[in-house]
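Asks: Structure provided below as structure tokens; questions to follow.
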Amino acid sequence: MKKFAMLIVALVAACSVASAQYLCTTPGTVLTYRETNAKEKIDQTFKATIIDVTTAEDGTVSARVEEKHPVPGNRLSELTSYMGYSFNPADTVTTVTLMTPDDFKISLAESIREMGVQAGQSISDSQIAEILDGAKISGHLTVPLAPNAAVDTKFANSTLRCSMMGQMMSFRMTKGLYKGFETIETEAGKFDCIKITYVLSLPEGGAQYTTQWYAPGVGLIRDIDCNKKGEIQQEQVLTAITAPAE
């Protein structure tokens, strides 16, 4: 157990190049999360893998993350989605990009394919491409993690919009606030995290009141989504960090 704990400490240290970077920079690292959803009665795990890390000429470090979520009721099937992190050494801000237009298209394609499976229909790649060809998607959902920001400092709103088959949907992130720092302990270890809150307006109406904790050298540690009454609707918690295969 002691050797295992030392391995985790060493891995986290290896992921981190600078303490202000709220992202893992070791490709192949797998982050395992436990996801619970009270409304959908979901209790499962999913994996997020660091699939690509690049460093630009100005020193900006970017990491792309692939998430694979089991489909409720069908553990043999998975939905794949992507997100990214980018650390700018000039202002020490790590930007978490939760969704880009291209990544949203990938998620839409996965959802269309899965709906076909559940309906007992086989939808080809060409059919999905034809459906998505008319989709117009713009904007990004981003969270800037600024370690030097004072408590209750606001951060910028962001919006992602999609027009498809005569329908408009949008995700809008507002009321973002830095809430200082907090130590979070999970099955994966103890982490000193930056804490943020924001409100995410959803296409189907309503909103999620989100609180997130991010740790240097790792990324997301915990995510809680509540309704307007403060009741927890969904939670994601980091449970394991696995070193890349040699």
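Simple scheme: letters A, B, ... for chains in structure tokens order, numbers from 1 for residues in each chain, numbers from 1 for ligands in the order shown.
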Can you pull out every residue within 12 Å of A:Asp125, counting only C-alpha atoms, but drop anything in the same chain fewer than 6 positions away, and send it as a tab-separated table (two decimals) with N, CA, C and O atoms, in the first residue's frame?

Replies:
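Now in result-v2.tsv:
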chain	number	residue	atom	x	y	z
A	106	ILE	N	-18.88	15.65	-32.84
A	106	ILE	CA	-18.53	14.27	-32.51
A	106	ILE	C	-19.54	13.69	-31.53
A	106	ILE	O	-20.02	12.56	-31.67
A	109	ALA	N	-22.81	12.97	-33.29
A	109	ALA	CA	-22.71	11.75	-34.09
A	109	ALA	C	-22.83	10.51	-33.21
A	109	ALA	O	-23.54	9.55	-33.56
A	110	GLU	N	-22.15	10.53	-32.06
A	110	GLU	CA	-22.23	9.40	-31.13
A	110	GLU	C	-23.66	9.21	-30.64
A	110	GLU	O	-24.15	8.08	-30.54
A	112	ILE	N	-26.52	10.18	-32.10
A	112	ILE	CA	-27.38	9.71	-33.20
A	112	ILE	C	-27.20	8.21	-33.42
A	112	ILE	O	-28.17	7.46	-33.58
A	113	ARG	N	-25.94	7.79	-33.41
A	113	ARG	CA	-25.66	6.36	-33.61
A	113	ARG	C	-26.27	5.52	-32.49
A	113	ARG	O	-26.87	4.46	-32.74
A	116	GLY	N	-30.00	5.18	-32.73
A	116	GLY	CA	-30.34	4.20	-33.74
A	116	GLY	C	-30.27	2.79	-33.18
A	116	GLY	O	-31.15	1.95	-33.43
A	131	ILE	N	-26.76	14.09	-41.96
A	131	ILE	CA	-27.54	14.79	-40.94
A	131	ILE	C	-26.77	15.98	-40.38
A	131	ILE	O	-27.30	17.08	-40.21
A	132	LEU	N	-25.47	15.75	-40.13
A	132	LEU	CA	-24.65	16.79	-39.50
A	132	LEU	C	-24.17	17.84	-40.49
A	132	LEU	O	-23.69	18.90	-40.08
A	133	ASP	N	-24.27	17.53	-41.78
A	133	ASP	CA	-23.78	18.46	-42.79
A	133	ASP	C	-24.49	19.81	-42.72
A	133	ASP	O	-23.89	20.85	-43.00

Asks: Can you list, as a short mmCIF file (atom, residue, chain, number, x, y, z; two decimals) with N, CA and C atoms, in the first residue's frame, every protein, DNA or RNA residue that comes within 8 Å of stretch 206-214 of chain A when you count only C-alpha atoms, leaving out same-chain residues fewer than 2 positions away?

Replies:
data_model
loop_
_atom_site.label_atom_id
_atom_site.label_comp_id
_atom_site.auth_asym_id
_atom_site.auth_seq_id
_atom_site.Cartn_x
_atom_site.Cartn_y
_atom_site.Cartn_z
N TYR A 22 -3.21 23.52 -14.34
CA TYR A 22 -4.28 22.64 -13.89
C TYR A 22 -4.60 21.61 -14.97
N GLU A 182 -9.32 24.92 -2.03
CA GLU A 182 -9.86 23.97 -1.07
C GLU A 182 -9.18 22.62 -1.26
N ILE A 184 -9.31 18.71 -1.41
CA ILE A 184 -10.29 17.65 -1.68
C ILE A 184 -9.59 16.30 -1.54
N CYS A 193 -6.91 22.17 -4.43
CA CYS A 193 -7.62 22.55 -5.65
C CYS A 193 -8.03 24.02 -5.70
N ILE A 194 -8.12 24.53 -6.92
CA ILE A 194 -8.81 25.79 -7.16
C ILE A 194 -10.29 25.44 -7.33
N LYS A 195 -11.16 26.28 -6.74
CA LYS A 195 -12.59 26.01 -6.74
C LYS A 195 -13.33 27.09 -7.53
N ILE A 196 -14.25 26.67 -8.39
CA ILE A 196 -15.03 27.62 -9.17
C ILE A 196 -16.50 27.23 -9.15
N THR A 197 -17.37 28.20 -9.45
CA THR A 197 -18.78 27.92 -9.61
C THR A 197 -19.28 28.64 -10.86
N TYR A 198 -20.31 28.09 -11.49
CA TYR A 198 -20.97 28.76 -12.61
C TYR A 198 -22.35 28.16 -12.82
N VAL A 199 -23.14 28.80 -13.67
CA VAL A 199 -24.47 28.31 -14.02
C VAL A 199 -24.47 27.96 -15.50
N LEU A 200 -24.92 26.75 -15.83
CA LEU A 200 -24.99 26.31 -17.21
C LEU A 200 -26.45 26.17 -17.62
N SER A 201 -26.89 27.05 -18.54
CA SER A 201 -28.25 26.97 -19.09
C SER A 201 -28.28 25.91 -20.17
N LEU A 202 -29.31 25.05 -20.16
CA LEU A 202 -29.37 23.88 -21.03
C LEU A 202 -30.37 24.08 -22.16
N GLU A 204 -32.72 22.20 -23.31
CA GLU A 204 -34.09 21.77 -23.02
C GLU A 204 -34.77 22.64 -21.97
N PRO A 216 -3.58 21.11 -9.59
CA PRO A 216 -2.38 21.25 -10.44
C PRO A 216 -1.85 19.89 -10.86
N VAL A 218 -3.11 17.67 -12.64
CA VAL A 218 -4.11 16.61 -12.84
C VAL A 218 -5.27 17.10 -13.69
N GLY A 219 -5.94 18.14 -13.23
CA GLY A 219 -7.16 18.62 -13.89
C GLY A 219 -8.34 18.48 -12.97
N LEU A 220 -9.49 18.05 -13.51
CA LEU A 220 -10.72 17.97 -12.73
C LEU A 220 -10.62 16.89 -11.67
N ILE A 221 -10.98 17.27 -10.44
CA ILE A 221 -11.01 16.32 -9.32
C ILE A 221 -12.44 16.00 -8.93
N ARG A 222 -13.25 17.04 -8.90
CA ARG A 222 -14.65 16.82 -8.49
C ARG A 222 -15.55 17.81 -9.21
N ASP A 223 -16.76 17.37 -9.56
CA ASP A 223 -17.76 18.20 -10.24
C ASP A 223 -19.11 17.88 -9.62
N ILE A 224 -19.81 18.93 -9.14
CA ILE A 224 -21.14 18.75 -8.58
C ILE A 224 -22.11 19.66 -9.33
N ASP A 225 -23.21 19.08 -9.84
CA ASP A 225 -24.26 19.84 -10.51
C ASP A 225 -25.52 19.79 -9.65
N CYS A 226 -26.04 20.97 -9.32
CA CYS A 226 -27.24 21.07 -8.49
C CYS A 226 -28.36 21.75 -9.25
N ASN A 227 -29.59 21.58 -8.74
CA ASN A 227 -30.69 22.34 -9.28
C ASN A 227 -30.78 23.67 -8.54
N LYS A 228 -31.78 24.46 -8.87
CA LYS A 228 -31.91 25.80 -8.28
C LYS A 228 -32.10 25.75 -6.77
N GLY A 230 -30.52 23.77 -4.85
CA GLY A 230 -29.29 23.32 -4.21
C GLY A 230 -29.20 21.83 -4.03
#

Asks: Separation of atom CA of A:Thr174 and atom CA of A:Val143, in Å?

Replies: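 Going from atom CA of A:Thr174 over to atom CA of A:Val143, I get 10.4 Å.
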
Asks: For A:Thr186, which residue out of A:Val151, A:Ala215, A:Ala240, A:Met164 is the nearest one, using only C-alpha atoms?

Replies: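 Looking only at the distances to A:Thr186, the closest residue turns out to be A:Ala240.
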
Asks: Name the residues in contact with A:Glu67 at a cut-off of 12 Å, using only C-alpha atoms, excluding same-chain residues fewer than 2 positions from it; report them as a list of chain:residue names.

Replies: A:Val30, A:Leu31, A:Thr32, A:Tyr33, A:Thr45, A:Phe46, A:Lys47, A:Ala48, A:Thr49, A:Ile50, A:Ile51, A:Arg64, A:Val65, A:His69, A:Pro70, A:Glu78, A:Leu79, A:Thr80, A:Ser81, A:Tyr82, A:Met83, A:Gly84, A:Leu98, A:Asp103, A:Ile106, A:Ser107

Asks: Under the rule that only C-alpha atoms are counted, which of A:Glu57, A:Glu130, A:Glu40, A:Asp152 is the nearest residue to A:Val71?

Replies: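 Distance minimum relative to A:Val71 lands on A:Glu40.
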
Asks: Using only C-alpha atoms, which of A:Asp58, A:Asp43, A:Glu114, A:Asp102 sits nearest A:Pro89?

Replies: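 Checking each candidate against A:Pro89, we get A:Asp58 as the closest.
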
Asks: As a PyMOL selection string, list the residues of stretch 117-240 of chain A assigned to alpha helix (DSSP H) by DSSP on the backbone atoms of this structure.

Replies: chain A and resi 117-118+125-133

Asks: With all heavy atoms retained, could you export that selection as a short mmCIF file (atom, residue, chain, number, x, y, z; two decimals), in the first residue's frame?

Replies:
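For reference, again34.cif as written:
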data_model
loop_
_atom_site.label_atom_id
_atom_site.label_comp_id
_atom_site.auth_asym_id
_atom_site.auth_seq_id
_atom_site.Cartn_x
_atom_site.Cartn_y
_atom_site.Cartn_z
N VAL A 117 -29.22 2.52 -32.41
CA VAL A 117 -29.05 1.20 -31.80
C VAL A 117 -30.22 0.88 -30.88
O VAL A 117 -30.79 -0.22 -30.89
CB VAL A 117 -27.72 1.13 -31.03
CG1 VAL A 117 -27.64 -0.15 -30.20
CG2 VAL A 117 -26.54 1.20 -31.99
N GLN A 118 -30.58 1.86 -30.04
CA GLN A 118 -31.68 1.64 -29.10
C GLN A 118 -33.01 1.43 -29.81
O GLN A 118 -33.91 0.76 -29.31
CB GLN A 118 -31.77 2.82 -28.14
CG GLN A 118 -30.58 2.93 -27.19
CD GLN A 118 -30.70 4.09 -26.22
OE1 GLN A 118 -31.70 4.79 -26.19
NE2 GLN A 118 -29.67 4.28 -25.40
N ASP A 125 -22.33 5.71 -41.30
CA ASP A 125 -21.54 6.93 -41.15
C ASP A 125 -21.95 7.99 -42.17
O ASP A 125 -21.96 9.18 -41.87
CB ASP A 125 -20.05 6.60 -41.31
CG ASP A 125 -19.50 5.80 -40.15
OD1 ASP A 125 -20.16 5.76 -39.09
OD2 ASP A 125 -18.40 5.21 -40.28
N SER A 126 -22.29 7.54 -43.38
CA SER A 126 -22.68 8.50 -44.42
C SER A 126 -24.01 9.17 -44.08
O SER A 126 -24.20 10.36 -44.35
CB SER A 126 -22.79 7.80 -45.78
OG SER A 126 -23.75 6.76 -45.75
N GLN A 127 -24.92 8.42 -43.47
CA GLN A 127 -26.20 8.99 -43.06
C GLN A 127 -26.00 10.01 -41.94
O GLN A 127 -26.62 11.08 -41.94
CB GLN A 127 -27.15 7.89 -42.59
CG GLN A 127 -27.69 7.01 -43.71
CD GLN A 127 -28.52 5.86 -43.19
OE1 GLN A 127 -28.11 5.17 -42.26
NE2 GLN A 127 -29.69 5.65 -43.79
N ILE A 128 -25.12 9.69 -40.99
CA ILE A 128 -24.83 10.62 -39.90
C ILE A 128 -24.18 11.88 -40.45
O ILE A 128 -24.51 13.00 -40.06
CB ILE A 128 -23.92 9.95 -38.85
CG1 ILE A 128 -24.69 8.84 -38.13
CG2 ILE A 128 -23.41 10.98 -37.84
CD1 ILE A 128 -23.85 8.04 -37.16
N ALA A 129 -23.24 11.68 -41.39
CA ALA A 129 -22.56 12.83 -42.00
C ALA A 129 -23.55 13.73 -42.72
O ALA A 129 -23.45 14.97 -42.67
CB ALA A 129 -21.48 12.35 -42.97
N GLU A 130 -24.56 13.12 -43.36
CA GLU A 130 -25.57 13.89 -44.08
C GLU A 130 -26.42 14.70 -43.10
O GLU A 130 -26.76 15.86 -43.35
CB GLU A 130 -26.46 12.96 -44.88
CG GLU A 130 -27.49 13.69 -45.75
CD GLU A 130 -28.32 12.74 -46.59
OE1 GLU A 130 -27.97 11.54 -46.65
OE2 GLU A 130 -29.31 13.19 -47.19
N ILE A 131 -26.76 14.09 -41.96
CA ILE A 131 -27.54 14.79 -40.94
C ILE A 131 -26.77 15.98 -40.38
O ILE A 131 -27.30 17.08 -40.21
CB ILE A 131 -27.92 13.82 -39.79
CG1 ILE A 131 -28.88 12.76 -40.30
CG2 ILE A 131 -28.56 14.59 -38.63
CD1 ILE A 131 -29.15 11.65 -39.31
N LEU A 132 -25.47 15.75 -40.13
CA LEU A 132 -24.65 16.79 -39.50
C LEU A 132 -24.17 17.84 -40.49
O LEU A 132 -23.69 18.90 -40.08
CB LEU A 132 -23.44 16.16 -38.80
CG LEU A 132 -23.77 15.23 -37.63
CD1 LEU A 132 -22.48 14.67 -37.03
CD2 LEU A 132 -24.57 15.96 -36.56
N ASP A 133 -24.27 17.53 -41.78
CA ASP A 133 -23.78 18.46 -42.79
C ASP A 133 -24.49 19.81 -42.72
O ASP A 133 -23.89 20.85 -43.00
CB ASP A 133 -23.94 17.84 -44.19
CG ASP A 133 -23.30 18.70 -45.27
OD1 ASP A 133 -22.09 19.01 -45.14
OD2 ASP A 133 -24.00 19.09 -46.23
#

Asks: Which neighbours of A:Thr54 fall inside 9 Å, counting only C-alpha atoms, when residues of the same chain fewer than 3 positions from it are skipped, and could you give them as a ChimeraX atom specification?

Replies: /A:25,60-64

Asks: I'd like the neighbourhood of A:Cys162 as a list of chain:residue names, where a residue qualifies if any of its atoms comes within 10 Å (using only C-alpha atoms), though same-chain residues fewer than 3 positions away should be ignored.

Replies: A:Pro101, A:Phe104, A:Lys105, A:Ala135, A:Lys136, A:Ile137, A:Ser138, A:Gly139, A:Gln167, A:Met168, A:Met169, A:Ser170, A:Phe171, A:Pro203
